[in-house]
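For reference, structure-v8.pdb is printed below; it contains PDB, C-alpha atoms.
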MODEL        1
ATOM      1  CA  MET I   1      -1.612   1.343  25.756
ATOM      2  CA  PRO I   2       0.915   2.640  23.187
ATOM      3  CA  THR I   3       0.426   1.836  19.533
ATOM      4  CA  VAL I   4       3.510   1.309  17.401
ATOM      5  CA  LEU I   5       3.070   2.949  14.022
ATOM      6  CA  ALA I   6       6.185   2.779  11.839
ATOM      7  CA  MET I   7       5.745   4.734   8.643
ATOM      8  CA  SER I   8       8.387   5.875   6.226
ATOM      9  CA  SER I   9       7.839   8.945   4.076
ATOM     10  CA  PHE I  10      10.821   9.381   1.785
ATOM     11  CA  ASP I  11       9.349   8.869  -1.678
ATOM     12  CA  LEU I  12       6.019   9.370  -3.429
ATOM     13  CA  ALA I  13       4.595   5.961  -2.517
ATOM     14  CA  THR I  14       5.446   6.076   1.197
ATOM     15  CA  ARG I  15       4.518   9.746   1.454
ATOM     16  CA  SER I  16       1.096   9.115  -0.055
ATOM     17  CA  ALA I  17       0.338   6.164   2.242
ATOM     18  CA  SER I  18       1.786   7.820   5.353
ATOM     19  CA  GLY I  19      -0.159  10.996   4.612
ATOM     20  CA  PHE I  20      -3.439   9.120   5.052
ATOM     21  CA  MET I  21      -2.134   7.576   8.298
ATOM     22  CA  LEU I  22      -1.172  11.040   9.571
ATOM     23  CA  ARG I  23      -4.617  12.399   8.845
ATOM     24  CA  TYR I  24      -6.798   9.512   9.995
ATOM     25  CA  ILE I  25      -4.848   7.159  12.301
ATOM     26  CA  VAL I  26      -2.124   9.103  14.127
ATOM     27  CA  PRO I  27      -4.659  11.235  16.087
ATOM     28  CA  ARG I  28      -5.838   7.998  17.750
ATOM     29  CA  MET I  29      -2.350   6.875  18.684
ATOM     30  CA  GLY I  30      -0.380   6.996  21.897
ATOM     31  CA  PRO I  31       3.085   8.543  21.905
ATOM     32  CA  VAL I  32       4.886   5.929  19.769
ATOM     33  CA  THR I  33       4.751   7.041  16.163
ATOM     34  CA  LEU I  34       7.943   6.226  14.272
ATOM     35  CA  TYR I  35       7.505   8.615  11.381
ATOM     36  CA  GLY I  36       9.945   9.543   8.624
ATOM     37  CA  MET I  37      13.551   9.222   9.772
ATOM     38  CA  LEU I  38      12.449   7.466  12.982
ATOM     39  CA  ALA I  39      11.055   4.543  10.985
ATOM     40  CA  ARG I  40      14.139   2.397  11.618
ATOM     41  CA  ARG I  41      15.078  -0.849  13.303
ATOM     42  CA  LEU I  42      16.402   0.474  16.649
ATOM     43  CA  PRO I  43      13.423   2.685  17.644
ATOM     44  CA  PHE I  44      11.115  -0.099  16.465
ATOM     45  CA  ARG I  45      12.937  -2.750  18.507
ATOM     46  CA  LEU I  46      12.721  -0.589  21.632
ATOM     47  CA  SER I  47       9.057   0.352  21.284
ATOM     48  CA  ALA I  48       7.398  -2.720  19.739
ATOM     49  CA  PRO I  49       7.324  -4.916  22.879
ATOM     50  CA  GLN I  50       5.206  -2.323  24.746
ATOM     51  CA  SER I  51       2.287  -2.314  22.311
ATOM     52  CA  ASP I  52      -0.627  -4.608  21.452
ATOM     53  CA  ILE I  53      -0.703  -3.508  17.794
ATOM     54  CA  ILE I  54       1.977  -2.803  15.219
ATOM     55  CA  ILE I  55       1.076  -0.835  12.118
ATOM     56  CA  GLY I  56       3.705  -0.481   9.412
ATOM     57  CA  VAL I  57       3.829   1.554   6.202
ATOM     58  CA  GLY I  58       6.860   1.009   3.989
ATOM     59  CA  HIS I  59       8.451  -0.897   1.168
ATOM     60  CA  GLY I  60       8.693  -4.639   1.510
ATOM     61  CA  ASP I  61       9.149  -7.978  -0.147
ATOM     62  CA  GLU I  62       8.322 -11.556   0.770
ATOM     63  CA  ALA I  63      10.737 -11.677   3.716
ATOM     64  CA  VAL I  64      11.369  -8.040   4.655
ATOM     65  CA  PHE I  65       9.518  -4.952   5.851
ATOM     66  CA  SER I  66      11.507  -1.716   5.617
ATOM     67  CA  GLY I  67      11.325   1.832   6.914
ATOM     68  CA  HIS I  68      13.114   5.090   6.140
ATOM     69  CA  ASN I  69      15.211   4.854   2.973
ATOM     70  CA  GLU I  70      14.492   1.110   2.894
ATOM     71  CA  ALA I  71      16.311   0.444   6.176
ATOM     72  CA  ILE I  72      15.186  -3.002   7.304
ATOM     73  CA  ILE I  73      12.791  -3.046  10.261
ATOM     74  CA  LEU I  74      11.566  -6.646  10.214
ATOM     75  CA  GLU I  75      13.283  -9.519   8.444
ATOM     76  CA  ILE I  76      12.746 -13.232   8.793
ATOM     77  CA  GLY I  77      15.150 -14.667  11.376
ATOM     78  CA  LYS I  78      16.466 -11.239  12.415
ATOM     79  CA  TYR I  79      14.041 -10.011  15.060
ATOM     80  CA  ASP I  80      13.183 -10.932  18.636
ATOM     81  CA  SER I  81       9.857 -12.731  19.108
ATOM     82  CA  ARG I  82       9.102 -10.321  22.010
ATOM     83  CA  GLU I  83       8.600  -7.628  19.357
ATOM     84  CA  VAL I  84       5.556  -9.393  17.924
ATOM     85  CA  ASP I  85       4.376 -11.841  20.579
ATOM     86  CA  GLY I  86       0.620 -11.567  21.219
ATOM     87  CA  LYS I  87       0.220  -8.597  18.882
ATOM     88  CA  VAL I  88      -1.949  -7.778  15.904
ATOM     89  CA  VAL I  89       0.355  -6.727  13.035
ATOM     90  CA  LYS I  90      -0.800  -4.781   9.974
ATOM     91  CA  LEU I  91       1.785  -4.091   7.268
ATOM     92  CA  LEU I  92       0.845  -1.845   4.355
ATOM     93  CA  SER I  93       3.690  -3.083   2.201
ATOM     94  CA  CYS I  94       4.319  -5.376  -0.761
ATOM     95  CA  GLN I  95       4.307  -9.183  -0.539
ATOM     96  CA  THR I  96       4.927  -9.502   3.220
ATOM     97  CA  GLY I  97       1.972 -11.899   3.424
ATOM     98  CA  VAL I  98       3.992 -14.561   1.598
ATOM     99  CA  LEU I  99       6.807 -15.359   4.068
ATOM    100  CA  LEU I 100       7.214 -12.601   6.675
ATOM    101  CA  GLY I 101       3.551 -12.765   7.816
ATOM    102  CA  PRO I 102       3.635 -16.536   8.442
ATOM    103  CA  ASP I 103       6.973 -16.096  10.256
ATOM    104  CA  LEU I 104       5.489 -13.400  12.527
ATOM    105  CA  ILE I 105       2.623 -15.764  13.383
ATOM    106  CA  LYS I 106       5.097 -18.587  14.058
ATOM    107  CA  ASN I 107       6.914 -16.241  16.454
ATOM    108  CA  GLY I 108       3.787 -15.477  18.461
ATOM    109  CA  ALA I 109       1.920 -12.674  16.662
ATOM    110  CA  GLN I 110      -1.800 -13.119  17.283
ATOM    111  CA  ALA I 111      -2.877 -11.986  13.826
ATOM    112  CA  PHE I 112      -1.228 -10.620  10.706
ATOM    113  CA  LEU I 113      -2.851  -8.463   8.030
ATOM    114  CA  GLY I 114      -0.905  -7.825   4.838
ATOM    115  CA  TYR I 115      -0.646  -8.505   1.105
ATOM    116  CA  THR I 116       0.709 -11.381  -0.962
ATOM    117  CA  ASP I 117       1.720  -9.306  -4.000
ATOM    118  CA  ASP I 118       2.672  -5.689  -4.691
ATOM    119  CA  TYR I 119       0.404  -3.072  -3.091
ATOM    120  CA  VAL I 120      -0.304  -0.638  -5.932
ATOM    121  CA  TRP I 121      -2.399   2.472  -6.384
ATOM    122  CA  VAL I 122      -2.658   5.592  -8.504
ATOM    123  CA  MET I 123      -1.911   8.892  -6.769
ATOM    124  CA  ASP I 124      -1.791  12.518  -7.859
ATOM    125  CA  GLN I 125       1.836  13.637  -7.753
ATOM    126  CA  ASP I 126       0.783  17.292  -7.539
ATOM    127  CA  LEU I 127      -0.662  16.627  -4.078
ATOM    128  CA  ALA I 128       2.530  15.098  -2.606
ATOM    129  CA  SER I 129       2.811  17.882  -0.009
ATOM    130  CA  ARG I 130      -0.715  17.180   1.322
ATOM    131  CA  PRO I 131      -1.386  13.579   0.358
ATOM    132  CA  TRP I 132      -4.538  13.254   2.505
ATOM    133  CA  ALA I 133      -6.289  15.532  -0.011
ATOM    134  CA  ASP I 134      -5.592  13.141  -2.909
ATOM    135  CA  LYS I 135      -8.954  11.765  -4.029
ATOM    136  CA  ILE I 136      -7.409   9.386  -6.565
ATOM    137  CA  ALA I 137      -5.199   7.739  -3.912
ATOM    138  CA  ALA I 138      -8.127   7.721  -1.467
ATOM    139  CA  THR I 139      -9.939   5.108  -3.561
ATOM    140  CA  SER I 140      -7.297   2.564  -2.510
ATOM    141  CA  LEU I 141      -5.979   3.944   0.786
ATOM    142  CA  MET I 142      -9.264   4.815   2.512
ATOM    143  CA  PRO I 143     -10.322   1.126   2.663
ATOM    144  CA  VAL I 144      -7.033   0.473   4.509
ATOM    145  CA  ILE I 145      -7.799   3.360   6.880
ATOM    146  CA  ASP I 146     -11.360   2.120   7.438
ATOM    147  CA  GLY I 147     -10.051  -1.372   8.274
ATOM    148  CA  LEU I 148      -7.485   0.048  10.703
ATOM    149  CA  ASN I 149     -10.067   2.287  12.354
ATOM    150  CA  ALA I 150     -12.255  -0.786  12.836
ATOM    151  CA  LEU I 151      -9.365  -2.530  14.609
ATOM    152  CA  LEU I 152      -8.773   0.545  16.784
ATOM    153  CA  ASP I 153     -12.509   0.595  17.593
ATOM    154  CA  GLY I 154     -12.135  -2.895  19.061
ATOM    155  CA  LYS I 155     -13.396  -4.988  16.141
ATOM    156  CA  THR I 156     -11.753  -8.340  15.347
ATOM    157  CA  ALA I 157      -8.999  -8.749  12.768
ATOM    158  CA  LYS I 158     -11.427 -10.661  10.558
ATOM    159  CA  GLU I 159     -14.034  -7.891  10.750
ATOM    160  CA  ALA I 160     -11.345  -5.296   9.982
ATOM    161  CA  LEU I 161     -10.222  -7.203   6.891
ATOM    162  CA  GLY I 162     -13.863  -7.529   5.796
ATOM    163  CA  ILE I 163     -14.309  -3.756   6.059
ATOM    164  CA  GLU I 164     -11.162  -3.163   3.993
ATOM    165  CA  LEU I 165     -12.266  -5.638   1.302
ATOM    166  CA  GLN I 166     -15.755  -4.129   1.140
ATOM    167  CA  GLY I 167     -14.163  -0.710   0.656
ATOM    168  CA  TYR I 168     -12.172  -1.914  -2.359
ATOM    169  CA  SER I 169     -15.271  -3.534  -3.867
ATOM    170  CA  ARG I 170     -17.437  -0.480  -3.284
ATOM    171  CA  ASN I 171     -14.870   1.871  -4.838
ATOM    172  CA  ALA I 172     -14.142  -0.475  -7.763
ATOM    173  CA  ASP I 173     -17.866  -0.675  -8.583
ATOM    174  CA  VAL I 174     -18.111   3.074  -9.141
ATOM    175  CA  GLU I 175     -14.613   3.704 -10.552
ATOM    176  CA  GLU I 176     -14.558   4.810 -14.199
ATOM    177  CA  ASP I 177     -10.800   4.640 -14.737
ATOM    178  CA  ASP I 178      -9.893   1.073 -15.736
ATOM    179  CA  LEU I 179      -6.345   1.270 -14.355
ATOM    180  CA  ILE I 180      -7.491   2.491 -10.925
ATOM    181  CA  LYS I 181     -10.229  -0.131 -10.906
ATOM    182  CA  ALA I 182      -7.722  -2.872 -11.775
ATOM    183  CA  CYS I 183      -5.439  -1.711  -8.919
ATOM    184  CA  LEU I 184      -8.344  -1.863  -6.448
ATOM    185  CA  GLU I 185      -9.276  -5.376  -7.531
ATOM    186  CA  PHE I 186      -5.616  -6.433  -7.415
ATOM    187  CA  ASN I 187      -5.146  -5.153  -3.845
ATOM    188  CA  ARG I 188      -8.422  -6.745  -2.771
ATOM    189  CA  SER I 189      -7.391 -10.139  -4.120
ATOM    190  CA  ASN I 190      -3.971  -9.960  -2.408
ATOM    191  CA  ALA I 191      -5.119  -8.896   1.075
ATOM    192  CA  VAL I 192      -4.619 -11.677   3.631
ATOM    193  CA  LEU I 193      -5.335 -12.372   7.263
ATOM    194  CA  LEU I 194      -3.135 -14.940   9.011
ATOM    195  CA  GLY I 195      -3.400 -16.263  12.556
ATOM    196  CA  ASP I 196      -6.383 -15.704  14.817
ATOM    197  CA  GLY I 197      -9.235 -13.921  13.017
ATOM    198  CA  SER I 198     -10.930 -13.233  16.347
ATOM    199  CA  ALA I 199      -7.905 -11.273  17.638
ATOM    200  CA  LYS I 200      -8.754  -7.834  19.045
ATOM    201  CA  ILE I 201      -6.775  -4.993  20.521
ATOM    202  CA  PHE I 202      -7.542  -2.623  23.368
ATOM    203  CA  PRO I 203      -9.954  -0.064  21.813
ATOM    204  CA  ARG I 204      -8.610   3.454  21.294
ATOM    205  CA  PRO I 205     -10.835   6.532  21.634
ATOM    206  CA  ARG I 206     -12.063   7.860  18.310
ATOM    207  CA  PHE I 207     -12.104  11.563  17.610
ATOM    208  CA  THR I 208     -11.944  13.631  14.468
ATOM    209  CA  VAL I 209      -9.261  16.243  13.978
ATOM    210  CA  PRO I 210     -11.031  19.410  12.793
ATOM    211  CA  ILE I 211      -8.147  20.523  10.562
ATOM    212  CA  PRO I 212      -5.704  18.378   8.603
ATOM    213  CA  PRO I 213      -2.077  18.167   9.712
ATOM    214  CA  PRO I 214       0.391  20.713   8.287
ATOM    215  CA  PRO I 215       1.974  19.897   4.903
ATOM    216  CA  ILE I 216       4.795  17.378   5.001
ATOM    217  CA  LEU I 217       8.070  19.206   4.497
ATOM    218  CA  PHE I 218      10.667  16.458   4.833
ATOM    219  CA  PRO I 219      12.952  16.119   1.825
ATOM    220  CA  MET I 220      11.828  13.342  -0.465
ATOM    221  CA  ARG I 221      13.715  10.972  -2.703
ATOM    222  CA  ALA I 222      11.849  10.703  -6.032
TER     223      ALA I 222
ATOM    224  CA  MET X   1     -14.148   3.761 -26.225
ATOM    225  CA  ALA X   2     -11.884   3.628 -23.180
ATOM    226  CA  ASN X   3     -13.068   0.125 -22.347
ATOM    227  CA  GLU X   4     -12.248  -1.051 -25.846
ATOM    228  CA  GLU X   5      -8.706   0.340 -25.586
ATOM    229  CA  TRP X   6      -8.324  -1.134 -22.094
ATOM    230  CA  GLU X   7      -9.303  -4.565 -23.421
ATOM    231  CA  LYS X   8      -6.463  -4.240 -25.924
ATOM    232  CA  VAL X   9      -4.038  -3.412 -23.082
ATOM    233  CA  LYS X  10      -5.191  -6.497 -21.185
ATOM    234  CA  GLU X  11      -4.893  -8.682 -24.248
ATOM    235  CA  ALA X  12      -1.317  -7.509 -24.887
ATOM    236  CA  LEU X  13      -0.341  -8.059 -21.254
ATOM    237  CA  ARG X  14      -1.502 -11.672 -21.367
ATOM    238  CA  LYS X  15       1.369 -12.555 -23.688
ATOM    239  CA  PRO X  16       4.845 -13.649 -22.510
ATOM    240  CA  PRO X  17       7.129 -10.631 -21.944
ATOM    241  CA  THR X  18       8.911 -10.683 -25.280
ATOM    242  CA  GLU X  19      10.184  -7.476 -26.834
ATOM    243  CA  GLU X  20       7.304  -7.470 -29.345
ATOM    244  CA  ALA X  21       4.669  -8.104 -26.678
ATOM    245  CA  ARG X  22       6.082  -5.299 -24.530
ATOM    246  CA  LYS X  23       5.990  -2.898 -27.508
ATOM    247  CA  GLU X  24       2.429  -3.939 -28.299
ATOM    248  CA  ALA X  25       1.366  -3.404 -24.663
ATOM    249  CA  ALA X  26       3.101  -0.002 -24.587
ATOM    250  CA  ASP X  27       1.292   1.117 -27.764
ATOM    251  CA  ALA X  28      -2.044  -0.134 -26.452
ATOM    252  CA  PHE X  29      -1.512   1.649 -23.130
ATOM    253  CA  ASN X  30      -0.635   4.861 -24.958
ATOM    254  CA  ARG X  31      -3.900   4.740 -26.907
ATOM    255  CA  TYR X  32      -5.829   3.987 -23.709
ATOM    256  CA  ARG X  33      -4.251   6.977 -21.924
ATOM    257  CA  ILE X  34      -5.054   9.331 -24.798
ATOM    258  CA  VAL X  35      -8.715   8.423 -24.422
ATOM    259  CA  GLN X  36      -8.522   8.875 -20.625
ATOM    260  CA  LEU X  37      -6.693  12.203 -20.913
ATOM    261  CA  GLU X  38      -9.458  13.533 -23.126
ATOM    262  CA  LYS X  39     -11.739  13.073 -20.126
ATOM    263  CA  GLY X  40      -9.461  15.456 -18.200
ATOM    264  CA  LYS X  41      -9.036  13.245 -15.129
ATOM    265  CA  GLY X  42      -6.333  13.975 -12.521
ATOM    266  CA  SER X  43      -3.452  16.398 -12.719
ATOM    267  CA  THR X  44      -0.350  14.165 -12.566
ATOM    268  CA  PRO X  45      -1.646  10.639 -11.982
ATOM    269  CA  THR X  46       1.185   8.323 -10.985
ATOM    270  CA  LEU X  47       1.208   4.571 -10.427
ATOM    271  CA  VAL X  48       2.988   3.794  -7.151
ATOM    272  CA  SER X  49       3.900   0.582  -5.359
ATOM    273  CA  LEU X  50       5.431  -0.420  -2.029
ATOM    274  CA  GLY X  51       7.775  -3.033  -3.499
ATOM    275  CA  LEU X  52      11.344  -3.352  -2.253
ATOM    276  CA  LYS X  53      14.378  -3.490  -4.563
ATOM    277  CA  LYS X  54      12.421  -3.907  -7.777
ATOM    278  CA  THR X  55      13.797  -3.203 -11.217
ATOM    279  CA  TYR X  56      10.948  -0.727 -11.839
ATOM    280  CA  PRO X  57      10.628   2.621 -10.003
ATOM    281  CA  HIS X  58       8.347   2.979  -6.965
ATOM    282  CA  ALA X  59       6.503   5.741  -8.809
ATOM    283  CA  ILE X  60       5.762   5.886 -12.522
ATOM    284  CA  PRO X  61       3.696   8.775 -13.940
ATOM    285  CA  VAL X  62       0.867   7.178 -15.890
ATOM    286  CA  ASP X  63       1.969   8.834 -19.132
ATOM    287  CA  LYS X  64       5.395   7.147 -18.707
ATOM    288  CA  ILE X  65       3.935   3.653 -18.245
ATOM    289  CA  PRO X  66       4.247   2.800 -21.965
ATOM    290  CA  GLN X  67       8.023   3.472 -21.878
ATOM    291  CA  GLU X  68       8.461   1.366 -18.732
ATOM    292  CA  LEU X  69       6.343  -1.422 -20.228
ATOM    293  CA  GLU X  70       8.513  -1.483 -23.305
ATOM    294  CA  ARG X  71      11.781  -1.342 -21.349
ATOM    295  CA  ASN X  72      11.186  -3.576 -18.364
ATOM    296  CA  PRO X  73       9.923  -7.195 -18.441
ATOM    297  CA  GLU X  74       9.387  -7.218 -14.640
ATOM    298  CA  PHE X  75       7.067  -4.213 -14.861
ATOM    299  CA  PHE X  76       5.297  -5.806 -17.846
ATOM    300  CA  GLU X  77       4.640  -8.862 -15.671
ATOM    301  CA  LEU X  78       3.454  -6.747 -12.722
ATOM    302  CA  LEU X  79       0.960  -4.860 -14.875
ATOM    303  CA  GLY X  80      -0.081  -8.177 -16.386
ATOM    304  CA  ARG X  81      -0.880  -9.514 -12.912
ATOM    305  CA  ILE X  82      -2.781  -6.326 -12.046
ATOM    306  CA  VAL X  83      -5.064  -6.481 -15.077
ATOM    307  CA  LYS X  84      -5.604 -10.242 -14.892
ATOM    308  CA  LYS X  85      -7.126 -10.205 -11.405
TER     309      LYS X  85
ENDMDL
END
Rewrite the structure from the file as structure tokens, please.
Amino acid sequence: MPTVLAMSSFDLATRSASGFMLRYIVPRMGPVTLYGMLARRLPFRLSAPQSDIIIGVGHGDEAVFSGHNEAIILEIGKYDSREVDGKVVKLLSCQTGVLLGPDLIKNGAQAFLGYTDDYVWVMDQDLASRPWADKIAATSLMPVIDGLNALLDGKTAKEALGIELQGYSRNADVEEDDLIKACLEFNRSNAVLLGDGSAKIFPRPRFTVPIPPPPILFPMRA
Amino acid sequence: MANEEWEKVKEALRKPPTEEARKEAADAFNRYRIVQLEKGKGSTPTLVSLGLKKTYPHAIPVDKIPQELERNPEFFELLGRIVKK
């Protein structure tokens, strides 16, 4: 079963988030990874109907999820319900839990996981070429990865959200930097699950890649 | 010490985003960062967000946050929401 993973990587924020996906989620995926310049509407529209899960990393607002260079991938009223029908959708993006998430559910998505306000974190700019090594960003992004891995292991959407929320709490409890701690608590309070909490996907095999992927060399817009 | 300075940042961010409140928040954040920098944490820590078409940049180096706070009411409000939660 293919997994549709649309992740842009054209600025510091998307590069940081996509870097963690590359390291920890992509190795579990089938062939459909829309990375970098492929994170656009047309490849998404062609591949989304084949999958039981859609994972997106990109900029967004209440009604829109975007890909490479903010090209719109999903927008209320401008997608086919076949793209989301029966699927679990996870969008690591800002505010899509407000309007887009409910619209995806209305159009047949089984469950939606997203955020009702900005998704914010502190990253180390010096590690932009190998973002998976960024321990500051990991405090916020590893809970997302742990939640996604739970979904890919066959756990329910509700269990996956619980794992993500526990990760934020655990990291916030030991975090000494007040700004990073505030970001963790902010993301935790904005994470939402809509639709069927008992939704599951077909489990994907789990294996660990012994070495991290090569550094990301695509040009980046600051 | 850092907690005390952070409390001042939070207090300033609770106010409406007037020019004076933004200046006060920027000054408080500057003092907070000086304390944090003395601890030697991180090389170039940068606050990033996945917002679309915002008036603030997607990435703001933490040492530039005071300038953005002072300049941009929308960013002032975002940081206010972050610290209030």
I need the output of the PyMOL selection byres ((chain X) within 9 of (chain I)) for this file as a PyMOL selection string; which residues are they? chain X and resi 2-3+6+36+41-53+58-59+61-62+78+81-85
List the spatial neighbours of Thr18 in chain X as number ranges by chain - criterion: any atom at most 12 Å away, all atoms listed in the file, same-chain residues fewer than 2 positions off excluded. X: 12-16, 20-25, 69-74, 76-77
Would you export the selected residues with C-alpha atoms as a tab-separated table (two decimals), keeping the file's coordinate frame, please?
chain	number	residue	atom	x	y	z
X	12	ALA	CA	-1.32	-7.51	-24.89
X	13	LEU	CA	-0.34	-8.06	-21.25
X	14	ARG	CA	-1.50	-11.67	-21.37
X	15	LYS	CA	1.37	-12.56	-23.69
X	16	PRO	CA	4.84	-13.65	-22.51
X	20	GLU	CA	7.30	-7.47	-29.34
X	21	ALA	CA	4.67	-8.10	-26.68
X	22	ARG	CA	6.08	-5.30	-24.53
X	23	LYS	CA	5.99	-2.90	-27.51
X	24	GLU	CA	2.43	-3.94	-28.30
X	25	ALA	CA	1.37	-3.40	-24.66
X	69	LEU	CA	6.34	-1.42	-20.23
X	70	GLU	CA	8.51	-1.48	-23.30
X	71	ARG	CA	11.78	-1.34	-21.35
X	72	ASN	CA	11.19	-3.58	-18.36
X	73	PRO	CA	9.92	-7.20	-18.44
X	74	GLU	CA	9.39	-7.22	-14.64
X	76	PHE	CA	5.30	-5.81	-17.85
X	77	GLU	CA	4.64	-8.86	-15.67
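Taking CA of Pro27 in chain I and CA of Val4 in chain I as endpoints, the distance between them is 12.9 Å.
For the residues I:Gly147, I:Gly101, I:Gly67, I:Gly167, ranking by smallest atom-to-atom distance to Leu42 in chain I using all atoms listed in the file places I:Gly67 first.
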Could you give me the axis-aligned bounding box of range 159-164 of chain I, with 8 Å of padding per side, as centre plus edge lengths in Å to one decimal, as AutoDock Vina command-line options?
--center_x -12.3 --center_y -5.5 --center_z 7.4 --size_x 20.1 --size_y 20.7 --size_z 22.8
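Between CA of Ser81 in chain I and CA of Ile145 in chain I the separation is 26.8 Å.
Selection around (-6.2, 13.6, 3.1) with radius 8 Å, counting only C-alpha atoms, yields the residues Gly19, Phe20, Arg23, Arg130, Pro131, Trp132, Ala133, Asp134, Lys135, Ala138 and Pro212 of chain I.
What the PyMOL selection byres ((chain I and resi 28) around 9) grabs from this file is I:Thr3, I:Tyr24, I:Ile25, I:Val26, I:Pro27, I:Met29, I:Gly30, I:Asn149, I:Leu152, I:Arg204, I:Pro205, I:Arg206, I:Phe207, I:Thr208.
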Please list as number ranges by chain every residue within 10 Å of range 110-116 of chain I, counting only C-alpha atoms and excluding residues in the same chain fewer than 3 positions away. I: 52-56, 61-62, 84-107, 119, 156-158, 160-161, 187-200
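Between CA of Met142 in chain I and CA of Leu5 in chain I there is a distance of 17.0 Å.
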Kindly complete range 14-27 of chain X to N, CA and C atoms; the output should be written as a PDB file, in the frame of the given file.
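Result file is rebuild.pdb:
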ATOM      1  N   ARG X  14      -1.356 -10.223 -21.613  1.00  0.00           N
ATOM      2  CA  ARG X  14      -1.502 -11.672 -21.367  1.00  0.00           C
ATOM      3  C   ARG X  14      -0.379 -12.465 -22.025  1.00  0.00           C
ATOM      4  N   LYS X  15       0.326 -11.836 -22.949  1.00  0.00           N
ATOM      5  CA  LYS X  15       1.369 -12.555 -23.688  1.00  0.00           C
ATOM      6  C   LYS X  15       2.657 -12.657 -22.855  1.00  0.00           C
ATOM      7  N   PRO X  16       3.546 -13.601 -23.192  1.00  0.00           N
ATOM      8  CA  PRO X  16       4.845 -13.649 -22.510  1.00  0.00           C
ATOM      9  C   PRO X  16       5.621 -12.353 -22.776  1.00  0.00           C
ATOM     10  N   PRO X  17       6.510 -11.957 -21.829  1.00  0.00           N
ATOM     11  CA  PRO X  17       7.129 -10.631 -21.944  1.00  0.00           C
ATOM     12  C   PRO X  17       8.249 -10.530 -22.986  1.00  0.00           C
ATOM     13  N   THR X  18       7.931 -10.848 -24.208  1.00  0.00           N
ATOM     14  CA  THR X  18       8.911 -10.683 -25.280  1.00  0.00           C
ATOM     15  C   THR X  18       9.000  -9.211 -25.655  1.00  0.00           C
ATOM     16  N   GLU X  19      10.019  -8.876 -26.420  1.00  0.00           N
ATOM     17  CA  GLU X  19      10.184  -7.476 -26.834  1.00  0.00           C
ATOM     18  C   GLU X  19       8.970  -6.995 -27.629  1.00  0.00           C
ATOM     19  N   GLU X  20       8.471  -7.865 -28.523  1.00  0.00           N
ATOM     20  CA  GLU X  20       7.304  -7.470 -29.345  1.00  0.00           C
ATOM     21  C   GLU X  20       6.063  -7.279 -28.478  1.00  0.00           C
ATOM     22  N   ALA X  21       5.860  -8.207 -27.538  1.00  0.00           N
ATOM     23  CA  ALA X  21       4.669  -8.104 -26.678  1.00  0.00           C
ATOM     24  C   ALA X  21       4.736  -6.838 -25.828  1.00  0.00           C
ATOM     25  N   ARG X  22       5.943  -6.501 -25.362  1.00  0.00           N
ATOM     26  CA  ARG X  22       6.082  -5.299 -24.530  1.00  0.00           C
ATOM     27  C   ARG X  22       5.790  -4.051 -25.356  1.00  0.00           C
ATOM     28  N   LYS X  23       6.248  -4.045 -26.611  1.00  0.00           N
ATOM     29  CA  LYS X  23       5.990  -2.898 -27.508  1.00  0.00           C
ATOM     30  C   LYS X  23       4.486  -2.781 -27.776  1.00  0.00           C
ATOM     31  N   GLU X  24       3.871  -3.930 -28.019  1.00  0.00           N
ATOM     32  CA  GLU X  24       2.429  -3.939 -28.299  1.00  0.00           C
ATOM     33  C   GLU X  24       1.643  -3.417 -27.089  1.00  0.00           C
ATOM     34  N   ALA X  25       2.043  -3.869 -25.884  1.00  0.00           N
ATOM     35  CA  ALA X  25       1.366  -3.404 -24.663  1.00  0.00           C
ATOM     36  C   ALA X  25       1.583  -1.906 -24.474  1.00  0.00           C
ATOM     37  N   ALA X  26       2.801  -1.434 -24.737  1.00  0.00           N
ATOM     38  CA  ALA X  26       3.101  -0.002 -24.587  1.00  0.00           C
ATOM     39  C   ALA X  26       2.238   0.827 -25.539  1.00  0.00           C
ATOM     40  N   ASP X  27       2.117   0.390 -26.785  1.00  0.00           N
ATOM     41  CA  ASP X  27       1.292   1.117 -27.764  1.00  0.00           C
ATOM     42  C   ASP X  27      -0.173   1.128 -27.341  1.00  0.00           C
TER      43      ASP X  27
END
